[in-house]
$ cat target.txt   # compact mmCIF, C-alpha atoms
# COMPACT_ATOMS: atom_id res chain seq x y z
CA MET L 731 160.53 82.43 22.08
CA SER L 732 158.74 82.82 25.42
CA LEU L 733 158.22 80.03 27.89
CA THR L 734 155.21 79.34 30.09
CA SER L 735 155.19 77.47 33.36
CA ILE L 736 152.24 75.16 34.07
CA ALA L 737 151.74 74.17 37.71
CA LEU L 738 150.88 70.48 38.25
CA ASN L 739 151.84 69.46 41.82
CA GLU L 740 151.25 65.78 41.09
CA ASP L 741 152.57 63.28 43.65
CA LEU L 742 154.48 60.65 41.68
CA ALA L 743 153.60 57.97 44.19
CA ALA L 744 149.91 58.90 44.47
CA ARG L 745 148.65 55.90 42.52
CA ARG L 746 150.89 53.44 44.35
CA LYS L 747 149.83 54.91 47.71
CA ARG L 748 146.16 54.63 46.78
CA ASP L 749 146.55 51.03 45.59
CA ALA L 750 148.42 50.10 48.79
CA ASP L 751 145.77 51.73 50.99
CA GLU L 752 142.96 49.92 49.16
CA TRP L 753 144.76 46.60 49.47
CA ARG L 754 145.42 47.18 53.18
CA GLN L 755 141.74 47.94 53.66
CA GLN L 756 140.73 44.72 51.87
CA LEU L 757 143.03 42.68 54.10
CA THR L 758 141.71 44.46 57.20
CA SER L 759 138.12 43.71 56.29
CA ARG L 760 139.06 40.03 55.99
CA GLY L 761 140.80 40.04 59.38
CA ILE L 762 144.23 39.38 57.89
CA LEU L 763 147.24 41.10 59.47
CA CYS L 764 149.88 41.67 56.77
CA VAL L 765 153.52 41.88 57.89
CA ASN L 766 156.26 43.06 55.53
CA LEU L 767 159.63 41.68 56.64
CA ILE L 768 162.68 43.58 55.44
CA SER L 769 166.37 43.03 56.17
CA SER L 770 169.81 42.58 54.66
CA PRO L 771 170.34 39.24 52.90
CA GLY L 772 170.99 36.51 55.45
CA ALA L 773 169.61 38.28 58.54
CA GLY L 774 167.26 35.38 59.20
CA LYS L 775 163.86 36.36 57.81
CA THR L 776 163.15 32.87 56.53
CA ALA L 777 164.43 31.24 59.73
CA LEU L 778 162.20 33.58 61.75
CA LEU L 779 159.18 32.56 59.69
CA GLU L 780 160.04 28.86 59.97
CA ALA L 781 160.22 29.27 63.77
CA THR L 782 156.98 31.30 63.79
CA ALA L 783 155.11 28.62 61.86
CA ARG L 784 156.46 25.86 64.12
CA HIS L 785 155.54 27.84 67.24
CA TRP L 786 151.96 28.41 66.14
CA GLY L 787 151.39 25.01 64.56
CA ALA L 788 147.67 24.59 63.91
CA ARG L 789 146.68 27.26 66.48
CA ARG L 790 147.11 30.13 64.05
CA SER L 791 146.65 30.39 60.32
CA MET L 792 149.54 31.97 58.43
CA ALA L 793 150.88 32.11 54.90
CA VAL L 794 154.06 33.49 53.38
CA LEU L 795 154.84 35.26 50.13
CA VAL L 796 158.60 35.17 49.81
CA GLY L 797 160.51 37.39 47.41
CA ASP L 798 163.89 36.68 45.91
CA ILE L 799 165.75 37.70 42.79
CA ALA L 800 166.22 34.06 41.79
CA THR L 801 165.48 30.48 42.95
CA ASP L 802 162.68 29.07 45.10
CA ARG L 803 165.01 28.01 47.92
CA ASP L 804 163.22 30.00 50.62
CA ALA L 805 159.81 28.66 49.58
CA GLN L 806 161.20 25.12 49.75
CA ARG L 807 162.48 25.76 53.28
CA LEU L 808 159.13 27.13 54.42
CA ALA L 809 156.86 24.64 52.63
CA PRO L 810 157.00 21.92 55.34
CA TRP L 811 155.67 24.42 57.90
CA THR L 812 153.32 26.86 56.18
CA PRO L 813 151.52 27.62 52.92
CA VAL L 814 154.01 29.61 50.84
CA ARG L 815 154.46 31.08 47.37
CA GLN L 816 157.78 32.16 45.95
CA LEU L 817 157.78 35.54 44.21
CA THR L 818 160.74 35.79 41.85
CA THR L 819 161.59 39.35 40.87
CA GLY L 820 164.05 38.48 38.10
CA GLY L 821 166.56 41.10 39.22
CA ALA L 822 164.42 43.73 40.88
CA CYS L 823 165.74 44.79 44.27
CA HIS L 824 162.37 44.93 46.05
CA LEU L 825 158.84 43.55 45.88
CA ALA L 826 156.04 45.59 44.33
CA LEU L 827 152.36 45.37 45.17
CA PRO L 828 151.12 43.80 41.87
CA LEU L 829 153.44 40.80 42.38
CA VAL L 830 152.32 40.45 46.01
CA ARG L 831 148.65 40.50 45.02
CA GLN L 832 149.26 37.94 42.31
CA GLY L 833 150.90 35.64 44.86
CA PHE L 834 148.07 36.17 47.33
CA GLU L 835 145.45 35.18 44.75
CA SER L 836 147.12 31.79 44.35
CA LEU L 837 146.89 31.01 48.09
CA ASP L 838 143.98 29.49 49.97
CA THR L 839 143.16 32.48 52.18
CA LYS L 840 139.70 31.56 53.51
CA ARG L 841 140.65 31.42 57.17
CA LEU L 842 143.94 33.26 56.96
CA GLU L 843 144.96 35.36 59.98
CA PHE L 844 148.55 36.37 59.23
CA LEU L 845 150.07 37.11 55.82
CA PHE L 846 153.85 37.52 55.84
CA VAL L 847 155.59 39.14 52.91
CA GLU L 848 159.29 38.32 53.08
CA ASN L 849 160.90 41.03 50.99
CA VAL L 850 164.06 40.74 48.89
CA GLY L 851 167.13 41.02 51.14
CA ASN L 852 167.99 44.72 50.91
CA LEU L 853 167.83 47.51 53.48
CA VAL L 854 167.45 50.29 50.90
CA CYS L 855 164.75 49.93 48.23
CA PRO L 856 162.10 47.95 50.18
CA ALA L 857 161.95 50.85 52.66
CA SER L 858 160.40 53.04 49.93
CA HIS L 859 157.71 50.59 48.81
CA ASP L 860 154.40 50.25 50.64
CA LEU L 861 153.04 46.75 49.99
CA GLY L 862 149.77 47.41 51.79
CA GLU L 863 151.16 45.93 54.99
CA HIS L 864 149.82 46.72 58.44
CA LEU L 865 153.21 46.20 60.02
CA ARG L 866 156.69 46.64 58.66
CA VAL L 867 159.32 44.73 60.59
CA VAL L 868 163.05 45.10 60.05
CA VAL L 869 165.16 42.09 61.00
CA LEU L 870 168.73 42.90 62.05
CA SER L 871 171.13 40.08 62.83
CA VAL L 872 173.92 40.65 65.33
CA THR L 873 176.54 39.47 62.81
CA GLU L 874 175.80 42.55 60.66
CA GLY L 875 177.05 44.99 63.30
CA ASP L 876 175.26 47.42 65.61
CA ASP L 877 175.80 50.46 63.34
CA LYS L 878 173.06 49.68 60.82
CA PRO L 879 170.13 51.81 62.08
CA GLY L 880 172.05 55.07 61.52
CA LYS L 881 173.38 53.84 58.17
CA TYR L 882 169.97 52.78 56.85
CA PRO L 883 167.68 55.31 58.54
CA LYS L 884 164.72 54.92 56.20
CA ALA L 885 164.47 51.17 56.82
CA PHE L 886 164.34 51.80 60.57
CA ARG L 887 162.26 54.98 60.48
CA THR L 888 159.51 53.35 58.38
CA SER L 889 159.41 50.07 60.34
CA ASP L 890 157.14 49.47 63.31
CA ALA L 891 159.33 46.88 64.97
CA CYS L 892 162.90 45.60 64.87
CA VAL L 893 163.72 41.96 65.50
CA ILE L 894 167.35 41.61 66.58
CA ASN L 895 168.14 38.09 65.46
CA LYS L 896 170.96 35.56 65.99
CA CYS L 897 171.25 36.73 69.61
CA ASP L 898 172.81 33.36 70.51
CA LEU L 899 175.93 34.68 68.71
CA LEU L 900 176.24 37.80 70.89
CA PRO L 901 179.17 36.39 72.93
CA PHE L 902 181.18 35.93 69.72
CA VAL L 903 180.62 39.17 67.78
CA PRO L 904 181.27 42.88 68.48
CA PHE L 905 177.61 43.86 68.77
CA SER L 906 176.20 45.88 71.66
CA ILE L 907 172.47 45.69 72.36
CA ASN L 908 172.75 49.02 74.22
CA SER L 909 174.48 50.75 71.29
CA VAL L 910 172.01 49.48 68.72
CA THR L 911 169.09 50.45 70.96
CA ASP L 912 170.47 54.00 71.31
CA ASP L 913 171.01 54.22 67.54
CA ILE L 914 167.47 53.02 66.84
CA ARG L 915 166.00 55.51 69.34
CA LEU L 916 167.65 58.40 67.45
CA VAL L 917 165.98 57.30 64.21
CA HIS L 918 162.67 55.97 65.54
CA SER L 919 161.96 56.32 69.22
CA GLY L 920 158.64 54.50 69.17
CA MET L 921 159.93 51.30 67.61
CA THR L 922 159.22 47.96 69.29
CA LEU L 923 162.40 45.95 69.87
CA LEU L 924 162.48 42.17 70.13
CA GLN L 925 165.42 39.83 70.57
CA THR L 926 165.41 36.39 69.00
CA SER L 927 167.50 33.50 67.94
CA ALA L 928 165.31 31.98 65.26
CA TRP L 929 167.76 29.12 64.75
CA LYS L 930 167.58 28.19 68.45
CA GLU L 931 163.87 29.11 68.63
CA GLU L 932 164.54 31.65 71.42
CA GLY L 933 162.37 34.75 71.77
CA ILE L 934 159.83 33.33 69.34
CA ALA L 935 156.98 33.18 71.87
CA ALA L 936 157.37 36.94 72.57
CA TRP L 937 157.52 37.68 68.83
CA CYS L 938 154.37 35.64 68.20
CA SER L 939 152.58 37.32 71.14
CA TYR L 940 153.50 40.71 69.67
CA LEU L 941 151.98 39.69 66.32
CA GLU L 942 148.83 38.30 67.98
CA LEU L 943 148.38 41.56 69.90
CA GLN L 944 148.79 43.60 66.71
CA ARG L 945 146.13 41.51 64.99
CA GLU L 946 143.75 41.89 67.94
CA ARG L 947 144.23 45.66 67.74
CA LEU L 948 143.59 45.59 64.00
CA LEU L 949 140.36 43.65 64.45
CA GLN L 950 139.30 46.03 67.20
CA SER L 951 140.05 49.12 65.10
CA ALA L 952 138.18 47.60 62.13
CA THR L 953 135.12 47.04 64.36
CA GLU L 954 135.28 50.55 65.77
CA ALA L 955 135.84 52.26 62.41
CA PRO L 956 132.77 54.15 61.20
CA ARG L 957 130.96 52.59 58.28
CA PRO L 958 131.28 54.47 55.01
CA ALA L 959 128.21 56.54 54.24
CA MET W 636 167.79 50.53 38.74
CA HIS W 637 165.29 52.03 41.17
CA GLU W 638 165.96 55.54 39.86
CA ARG W 639 165.64 54.37 36.24
CA THR W 640 162.19 52.95 36.99
CA LEU W 641 161.21 56.21 38.67
CA ALA W 642 162.57 58.26 35.78
CA GLY W 643 160.42 56.17 33.42
CA GLN W 644 157.35 56.78 35.59
CA LEU W 645 158.17 60.49 35.71
CA ILE W 646 158.38 60.70 31.91
CA ASP W 647 155.08 58.78 31.60
CA GLN W 648 153.49 61.24 34.02
CA ILE W 649 154.85 64.24 32.07
CA GLN W 650 153.46 62.82 28.83
CA ARG W 651 150.10 62.06 30.46
CA ALA W 652 149.89 65.61 31.88
CA CYS W 653 150.67 67.03 28.43
CA ARG W 654 147.99 64.87 26.78
CA GLU W 655 145.37 65.82 29.36
CA ARG W 656 146.15 69.54 29.01
CA ARG W 657 146.83 69.47 25.27
CA LEU W 658 150.38 70.71 25.70
CA GLU W 659 152.68 69.78 22.84
CA ARG W 660 156.19 70.59 23.79
CA PRO W 661 157.48 70.51 27.38
CA VAL W 662 161.07 71.69 27.59
CA ALA W 663 161.58 71.33 31.33
CA ALA W 664 160.01 69.52 34.27
CA ARG W 665 160.44 70.81 37.82
CA VAL W 666 160.40 67.99 40.34
CA ILE W 667 160.34 68.35 44.11
CA LEU W 668 162.45 65.63 45.65
CA GLY W 669 162.42 65.07 49.40
CA GLU W 670 165.70 64.28 51.09
CA PHE W 671 163.99 61.26 52.69
CA SER W 672 162.14 60.12 49.55
CA GLY W 673 164.59 57.28 49.02
CA VAL W 674 165.64 58.71 45.66
CA GLU W 675 169.20 59.81 44.90
CA PRO W 676 169.01 63.11 42.97
CA GLN W 677 172.08 62.58 40.82
CA LEU W 678 171.06 59.06 39.79
CA LEU W 679 167.57 60.30 38.93
CA GLU W 680 169.03 63.07 36.75
CA ILE W 681 171.26 60.60 34.91
CA ALA W 682 168.45 58.08 34.38
CA PHE W 683 166.05 60.81 33.23
CA SER W 684 168.52 62.17 30.72
CA GLU W 685 169.28 58.65 29.38
CA LEU W 686 165.59 57.83 28.94
CA VAL W 687 164.80 61.16 27.28
CA HIS W 688 167.60 60.43 24.82
CA GLU W 689 166.55 56.79 24.25
CA ARG W 690 162.91 57.72 23.64
CA GLY W 691 163.81 60.68 21.41
CA LEU W 692 161.95 63.16 23.62
CA GLY W 693 164.63 65.84 23.94
CA PRO W 694 165.30 68.54 24.67
CA LEU W 695 163.54 67.98 28.01
CA ASN W 696 165.38 69.10 31.11
CA LEU W 697 164.84 67.90 34.64
CA VAL W 698 165.02 70.66 37.26
CA LEU W 699 165.28 69.11 40.71
CA GLU W 700 164.37 71.00 43.85
CA VAL W 701 165.63 69.02 46.81
CA VAL W 702 163.59 69.60 49.97
CA PRO W 703 165.49 69.01 53.23
CA LEU W 704 164.00 66.72 55.84
CA ALA W 705 162.03 68.55 58.53
CA ALA W 706 160.02 67.35 61.53
CA ARG W 707 157.73 68.64 64.28
CA CYS W 708 158.13 67.64 67.91
CA THR W 709 154.87 66.29 69.32
CA ALA W 710 155.87 67.39 72.85
CA CYS W 711 156.78 71.08 72.30
CA ASP W 712 155.50 71.64 68.72
CA HIS W 713 158.92 72.90 67.61
CA GLU W 714 159.65 72.50 63.88
CA PHE W 715 163.22 71.67 62.99
CA ALA W 716 165.53 70.49 60.22
CA VAL W 717 166.46 66.85 60.78
CA SER W 718 170.20 66.67 60.54
CA ARG W 719 172.05 63.39 59.94
CA PHE W 720 168.73 61.53 60.23
CA ARG W 721 168.57 62.05 63.99
CA PHE W 722 164.92 62.44 64.78
CA VAL W 723 165.38 64.25 68.09
CA CYS W 724 163.99 67.70 68.92
CA PRO W 725 166.85 70.19 69.40
CA CYS W 726 164.57 72.30 71.61
CA CYS W 727 163.32 69.85 74.28
CA GLY W 728 165.19 66.66 73.44
CA GLY W 729 161.94 64.83 72.70
CA SER W 730 162.17 61.96 70.25
CA ASP W 731 158.49 61.56 69.43
CA VAL W 732 158.55 63.58 66.22
CA GLN W 733 156.54 63.63 63.00
CA ILE W 734 158.07 64.24 59.59
CA ILE W 735 156.49 67.33 58.00
CA ARG W 736 158.67 67.76 54.89
CA GLY W 737 161.21 65.85 52.86
CA GLU W 738 159.44 62.60 51.97
CA ASP W 739 157.74 63.63 48.73
CA LEU W 740 158.48 63.06 45.09
CA CYS W 741 156.29 65.46 43.18
CA LEU W 742 156.01 66.70 39.60
CA ALA W 743 155.63 70.38 40.48
CA SER W 744 155.42 72.07 37.09
CA LEU W 745 156.21 71.92 33.40
CA THR W 746 157.78 74.60 31.27
CA ILE W 747 156.16 74.78 27.84
CA GLU W 748 157.18 76.65 24.74
CA SER W 749 154.39 79.20 24.53
CA SER W 750 153.82 78.71 20.80
CA SER W 751 152.61 75.17 21.57
CA LEU W 752 150.21 76.29 24.30
CA LYS W 753 146.71 75.50 23.10
CA GLY W 754 144.81 75.91 26.31
CA THR W 755 144.81 74.47 29.79
CA ALA W 756 141.11 73.89 30.40

$ encode --input "target.txt" --output "structure tokens"
Amino acid sequence: MSLTSIALNEDLAARRKRDADEWRQQLTSRGILCVNLISSPGAGKTALLEATARHWGARRSMAVLVGDIATDRDAQRLAPWTPVRQLTTGGACHLALPLVRQGFESLDTKRLEFLFVENVGNLVCPASHDLGEHLRVVVLSVTEGDDKPGKYPKAFRTSDACVINKCDLLPFVPFSINSVTDDIRLVHSGMTLLQTSAWKEEGIAAWCSYLELQRERLLQSATEAPRPA
Amino acid sequence: MHERTLAGQLIDQIQRACRERRLERPVAARVILGEFSGVEPQLLEIAFSELVHERGLGPLNLVLEVVPLAARCTACDHEFAVSRFRFVCPCCGGSDVQIIRGEDLCLASLTIESSSLKGTA
């Protein structure tokens, strides 16, 4: 029996990419900067968002969609400071766009400026999933060790910025800012690096300024973009 | 878990392609898998084979073609294989580089038993 080969050349992620691009465009047109926060479990994503919300207070409008495998503990922590919805994945190791959109629909987003998506703690799978964010930020805490960028290259290559958190613990742990910076530069030379201690609320003003600048640039690019014919 | 989900999507895509082209019996699917796609080839093969068995679709073989990661230096335009995920140009030492290959996951082709080929319009 003879066999015939049929060429297809179909990108398996084409639909997901298209959906993410459309969603990003919708958020852009509403002036909302979407930030996807990824990290290992316990790096301080929630603490960073608590500190961000406290820093901005009523000056900026933010909301958080927080993903976890189980419990609404992170949403409970954030609720005193910012509008938040818990997204429970029921075992999945990363967030997917349909769940994010569902969470977004349940928020009051009329005057929203910043949407944070706190991904499930995991440096592997979230790196392969575009959630329609404008910025992907990887949070790396100093207690994890300075060897992570080379070990998890996709997380660092696909992120726009790295927040090195828990810097107040630097005197007590074997973590070199110079080493981690060199390691990051090998994977992603253009990455923005920020140092924080979310717990002590150090470095938060610079982090917030970075986000404000990114949103200004987004608004500017949206204004300059040619209108569709 | 990730690879099992992808294997399921791959099988759905194979079945959809067969429906659209009126192909009855695919016996092999060739998939191009980038080294930087975030997918582990061996786990994908295992998950694919398990799902084919569970759904009673066999025999349907997965033929993986792994594409190594490659980049182009924006400073000197040199194209190079990215080794050990170090995105640095071996020619000029520049680190502003763009990935040109090795990120894709693509259903490249299907092998069909010719007796089932009814047309590919």

$ closest_atom_pairs --input "target.txt" --of "chain L" --to "chain W" --cutoff "12 Å" --atoms "all atoms listed in the file" --output "JSON lines"
{"residue": "L:Met731", "atom": "CA", "partner": "W:Glu748", "partner_atom": "CA", "distance": 7.2}
{"residue": "L:Ser732", "atom": "CA", "partner": "W:Ser749", "partner_atom": "CA", "distance": 5.7}
{"residue": "L:Leu733", "atom": "CA", "partner": "W:Glu748", "partner_atom": "CA", "distance": 4.7}
{"residue": "L:Thr734", "atom": "CA", "partner": "W:Ile747", "partner_atom": "CA", "distance": 5.2}
{"residue": "L:Ser735", "atom": "CA", "partner": "W:Thr746", "partner_atom": "CA", "distance": 4.4}
{"residue": "L:Ile736", "atom": "CA", "partner": "W:Leu745", "partner_atom": "CA", "distance": 5.2}
{"residue": "L:Ala737", "atom": "CA", "partner": "W:Ser744", "partner_atom": "CA", "distance": 4.3}
{"residue": "L:Leu738", "atom": "CA", "partner": "W:Ser744", "partner_atom": "CA", "distance": 4.9}
{"residue": "L:Asn739", "atom": "CA", "partner": "W:Ala743", "partner_atom": "CA", "distance": 4.1}
{"residue": "L:Glu740", "atom": "CA", "partner": "W:Leu742", "partner_atom": "CA", "distance": 5.1}
{"residue": "L:Asp741", "atom": "CA", "partner": "W:Cys741", "partner_atom": "CA", "distance": 4.3}
{"residue": "L:Leu742", "atom": "CA", "partner": "W:Cys741", "partner_atom": "CA", "distance": 5.4}
{"residue": "L:Ala743", "atom": "CA", "partner": "W:Leu740", "partner_atom": "CA", "distance": 7.1}
{"residue": "L:Ala744", "atom": "CA", "partner": "W:Cys741", "partner_atom": "CA", "distance": 9.2}
{"residue": "L:Arg745", "atom": "CA", "partner": "W:Gln648", "partner_atom": "CA", "distance": 11.1}
{"residue": "L:Arg746", "atom": "CA", "partner": "W:Gln644", "partner_atom": "CA", "distance": 11.4}
{"residue": "L:Lys747", "atom": "CA", "partner": "W:Asp739", "partner_atom": "CA", "distance": 11.8}
{"residue": "L:Gly821", "atom": "CA", "partner": "W:Met636", "partner_atom": "CA", "distance": 9.5}
{"residue": "L:Ala822", "atom": "CA", "partner": "W:Met636", "partner_atom": "CA", "distance": 7.9}
{"residue": "L:Cys823", "atom": "CA", "partner": "W:His637", "partner_atom": "CA", "distance": 7.9}
{"residue": "L:His824", "atom": "CA", "partner": "W:His637", "partner_atom": "CA", "distance": 9.1}
{"residue": "L:Leu825", "atom": "CA", "partner": "W:His637", "partner_atom": "CA", "distance": 11.6}
{"residue": "L:Ala826", "atom": "CA", "partner": "W:His637", "partner_atom": "CA", "distance": 11.7}
{"residue": "L:Leu853", "atom": "CA", "partner": "W:Gly673", "partner_atom": "CA", "distance": 11.2}
{"residue": "L:Val854", "atom": "CA", "partner": "W:Gly673", "partner_atom": "CA", "distance": 7.8}
{"residue": "L:Cys855", "atom": "CA", "partner": "W:His637", "partner_atom": "CA", "distance": 7.4}
{"residue": "L:Pro856", "atom": "CA", "partner": "W:Gly673", "partner_atom": "CA", "distance": 9.7}
{"residue": "L:Ala857", "atom": "CA", "partner": "W:Gly673", "partner_atom": "CA", "distance": 7.8}
{"residue": "L:Ser858", "atom": "CA", "partner": "W:Gly673", "partner_atom": "CA", "distance": 6.0}
{"residue": "L:His859", "atom": "CA", "partner": "W:Gly673", "partner_atom": "CA", "distance": 9.6}
{"residue": "L:Pro879", "atom": "CA", "partner": "W:Phe720", "partner_atom": "CA", "distance": 10.0}
{"residue": "L:Gly880", "atom": "CA", "partner": "W:Phe720", "partner_atom": "CA", "distance": 7.4}
{"residue": "L:Lys881", "atom": "CA", "partner": "W:Phe720", "partner_atom": "CA", "distance": 9.2}
{"residue": "L:Tyr882", "atom": "CA", "partner": "W:Phe720", "partner_atom": "CA", "distance": 9.5}
{"residue": "L:Pro883", "atom": "CA", "partner": "W:Phe720", "partner_atom": "CA", "distance": 6.5}
{"residue": "L:Lys884", "atom": "CA", "partner": "W:Phe671", "partner_atom": "CA", "distance": 7.3}
{"residue": "L:Ala885", "atom": "CA", "partner": "W:Gly673", "partner_atom": "CA", "distance": 9.9}
{"residue": "L:Phe886", "atom": "CA", "partner": "W:Phe720", "partner_atom": "CA", "distance": 10.7}
{"residue": "L:Arg887", "atom": "CA", "partner": "W:Phe722", "partner_atom": "CA", "distance": 9.0}
{"residue": "L:Thr888", "atom": "CA", "partner": "W:Phe671", "partner_atom": "CA", "distance": 10.7}
{"residue": "L:Asp912", "atom": "CA", "partner": "W:Arg721", "partner_atom": "CA", "distance": 11.0}
{"residue": "L:Asp913", "atom": "CA", "partner": "W:Arg721", "partner_atom": "CA", "distance": 8.9}
{"residue": "L:Ile914", "atom": "CA", "partner": "W:Arg721", "partner_atom": "CA", "distance": 9.5}
{"residue": "L:Arg915", "atom": "CA", "partner": "W:Ser730", "partner_atom": "CA", "distance": 7.6}
{"residue": "L:Leu916", "atom": "CA", "partner": "W:Arg721", "partner_atom": "CA", "distance": 5.1}
{"residue": "L:Val917", "atom": "CA", "partner": "W:Phe722", "partner_atom": "CA", "distance": 5.3}
{"residue": "L:His918", "atom": "CA", "partner": "W:Phe722", "partner_atom": "CA", "distance": 6.9}
{"residue": "L:Ser919", "atom": "CA", "partner": "W:Ser730", "partner_atom": "CA", "distance": 5.7}
{"residue": "L:Gly920", "atom": "CA", "partner": "W:Asp731", "partner_atom": "CA", "distance": 7.1}
{"residue": "L:Met921", "atom": "CA", "partner": "W:Asp731", "partner_atom": "CA", "distance": 10.5}

$ write_last_selection --input "target.txt" --atoms "C-alpha atoms" --output "mmCIF file, keeping the file's coordinate frame"
data_model
loop_
_atom_site.group_PDB
_atom_site.id
_atom_site.type_symbol
_atom_site.label_atom_id
_atom_site.label_comp_id
_atom_site.auth_asym_id
_atom_site.auth_seq_id
_atom_site.Cartn_x
_atom_site.Cartn_y
_atom_site.Cartn_z
ATOM 1 C CA MET L 731 160.530 82.430 22.080
ATOM 2 C CA SER L 732 158.740 82.820 25.420
ATOM 3 C CA LEU L 733 158.220 80.030 27.890
ATOM 4 C CA THR L 734 155.210 79.340 30.090
ATOM 5 C CA SER L 735 155.190 77.470 33.360
ATOM 6 C CA ILE L 736 152.240 75.160 34.070
ATOM 7 C CA ALA L 737 151.740 74.170 37.710
ATOM 8 C CA LEU L 738 150.880 70.480 38.250
ATOM 9 C CA ASN L 739 151.840 69.460 41.820
ATOM 10 C CA GLU L 740 151.250 65.780 41.090
ATOM 11 C CA ASP L 741 152.570 63.280 43.650
ATOM 12 C CA LEU L 742 154.480 60.650 41.680
ATOM 13 C CA ALA L 743 153.600 57.970 44.190
ATOM 14 C CA ALA L 744 149.910 58.900 44.470
ATOM 15 C CA ARG L 745 148.650 55.900 42.520
ATOM 16 C CA ARG L 746 150.890 53.440 44.350
ATOM 17 C CA LYS L 747 149.830 54.910 47.710
ATOM 18 C CA GLY L 821 166.560 41.100 39.220
ATOM 19 C CA ALA L 822 164.420 43.730 40.880
ATOM 20 C CA CYS L 823 165.740 44.790 44.270
ATOM 21 C CA HIS L 824 162.370 44.930 46.050
ATOM 22 C CA LEU L 825 158.840 43.550 45.880
ATOM 23 C CA ALA L 826 156.040 45.590 44.330
ATOM 24 C CA LEU L 853 167.830 47.510 53.480
ATOM 25 C CA VAL L 854 167.450 50.290 50.900
ATOM 26 C CA CYS L 855 164.750 49.930 48.230
ATOM 27 C CA PRO L 856 162.100 47.950 50.180
ATOM 28 C CA ALA L 857 161.950 50.850 52.660
ATOM 29 C CA SER L 858 160.400 53.040 49.930
ATOM 30 C CA HIS L 859 157.710 50.590 48.810
ATOM 31 C CA PRO L 879 170.130 51.810 62.080
ATOM 32 C CA GLY L 880 172.050 55.070 61.520
ATOM 33 C CA LYS L 881 173.380 53.840 58.170
ATOM 34 C CA TYR L 882 169.970 52.780 56.850
ATOM 35 C CA PRO L 883 167.680 55.310 58.540
ATOM 36 C CA LYS L 884 164.720 54.920 56.200
ATOM 37 C CA ALA L 885 164.470 51.170 56.820
ATOM 38 C CA PHE L 886 164.340 51.800 60.570
ATOM 39 C CA ARG L 887 162.260 54.980 60.480
ATOM 40 C CA THR L 888 159.510 53.350 58.380
ATOM 41 C CA ASP L 912 170.470 54.000 71.310
ATOM 42 C CA ASP L 913 171.010 54.220 67.540
ATOM 43 C CA ILE L 914 167.470 53.020 66.840
ATOM 44 C CA ARG L 915 166.000 55.510 69.340
ATOM 45 C CA LEU L 916 167.650 58.400 67.450
ATOM 46 C CA VAL L 917 165.980 57.300 64.210
ATOM 47 C CA HIS L 918 162.670 55.970 65.540
ATOM 48 C CA SER L 919 161.960 56.320 69.220
ATOM 49 C CA GLY L 920 158.640 54.500 69.170
ATOM 50 C CA MET L 921 159.930 51.300 67.610
#

$ atom_distance --input "target.txt" --atom1 "CA of Ala773 (chain L)" --atom2 "CA of Ile894 (chain L)"
9.0 Å

$ residues_around --input "target.txt" --residues "region 680-689 of chain W" --least-positions-apart "2" --cutoff "9 Å" --atoms "all atoms listed in the file" --output "VMD selection string"
chain W and resid 636 638 to 643 645 to 646 675 to 678 691 to 699

$ residues_around --input "target.txt" --residues "Asp838 (chain L)" --least-positions-apart "6" --cutoff "12 Å" --atoms "only C-alpha atoms" --output "compact mmCIF listing (two decimals) with C-alpha atoms, in the frame of the given file"
# COMPACT_ATOMS: atom_id res chain seq x y z
CA SER L 791 146.65 30.39 60.32
CA MET L 792 149.54 31.97 58.43
CA ALA L 793 150.88 32.11 54.90
CA VAL L 794 154.06 33.49 53.38
CA THR L 812 153.32 26.86 56.18
CA PRO L 813 151.52 27.62 52.92
CA VAL L 814 154.01 29.61 50.84
CA ARG L 815 154.46 31.08 47.37
CA LEU L 845 150.07 37.11 55.82

$ axis_aligned_box --input "target.txt" --around "region 679-692 of chain W" --padding-each-side "5 Å" --output "AutoDock Vina command-line options"
--center_x 166.6 --center_y 60.0 --center_z 30.2 --size_x 19.3 --size_y 16.4 --size_z 27.5

$ residues_around --input "target.txt" --residues "Ile735 (chain W)" --least-positions-apart "6" --cutoff "9 Å" --atoms "all atoms listed in the file" --output "list in words"
Leu704, Ala705, Ala706, Arg707 and Glu714 of chain W

$ atom_distance --input "target.txt" --atom1 "CA of Gly787 (chain L)" --atom2 "CA of Ala935 (chain L)"
12.3 Å

$ residues_around --input "target.txt" --residues "Phe902 (chain L)" --least-positions-apart "4" --cutoff "10 Å" --atoms "all atoms listed in the file" --output "ChimeraX atom specification"
/L:872-873,897-898

$ residues_around --input "target.txt" --residues "region 927-932 of chain L" --least-positions-apart "2" --cutoff "6 Å" --atoms "only C-alpha atoms" --output "list in words"
Ala777, Leu778, Ala781, Asn895, Lys896, Cys897, Asp898 and Ile934 of chain L

$ closest_residue --input "target.txt" --among "L:Leu861, L:Ala783, L:Val868, L:Leu795" --to "Asp749 (chain L)" --atoms "all atoms listed in the file"
L:Leu861

$ atom_distance --input "target.txt" --atom1 "CA of Leu668 (chain W)" --atom2 "CA of Val701 (chain W)"
4.8 Å
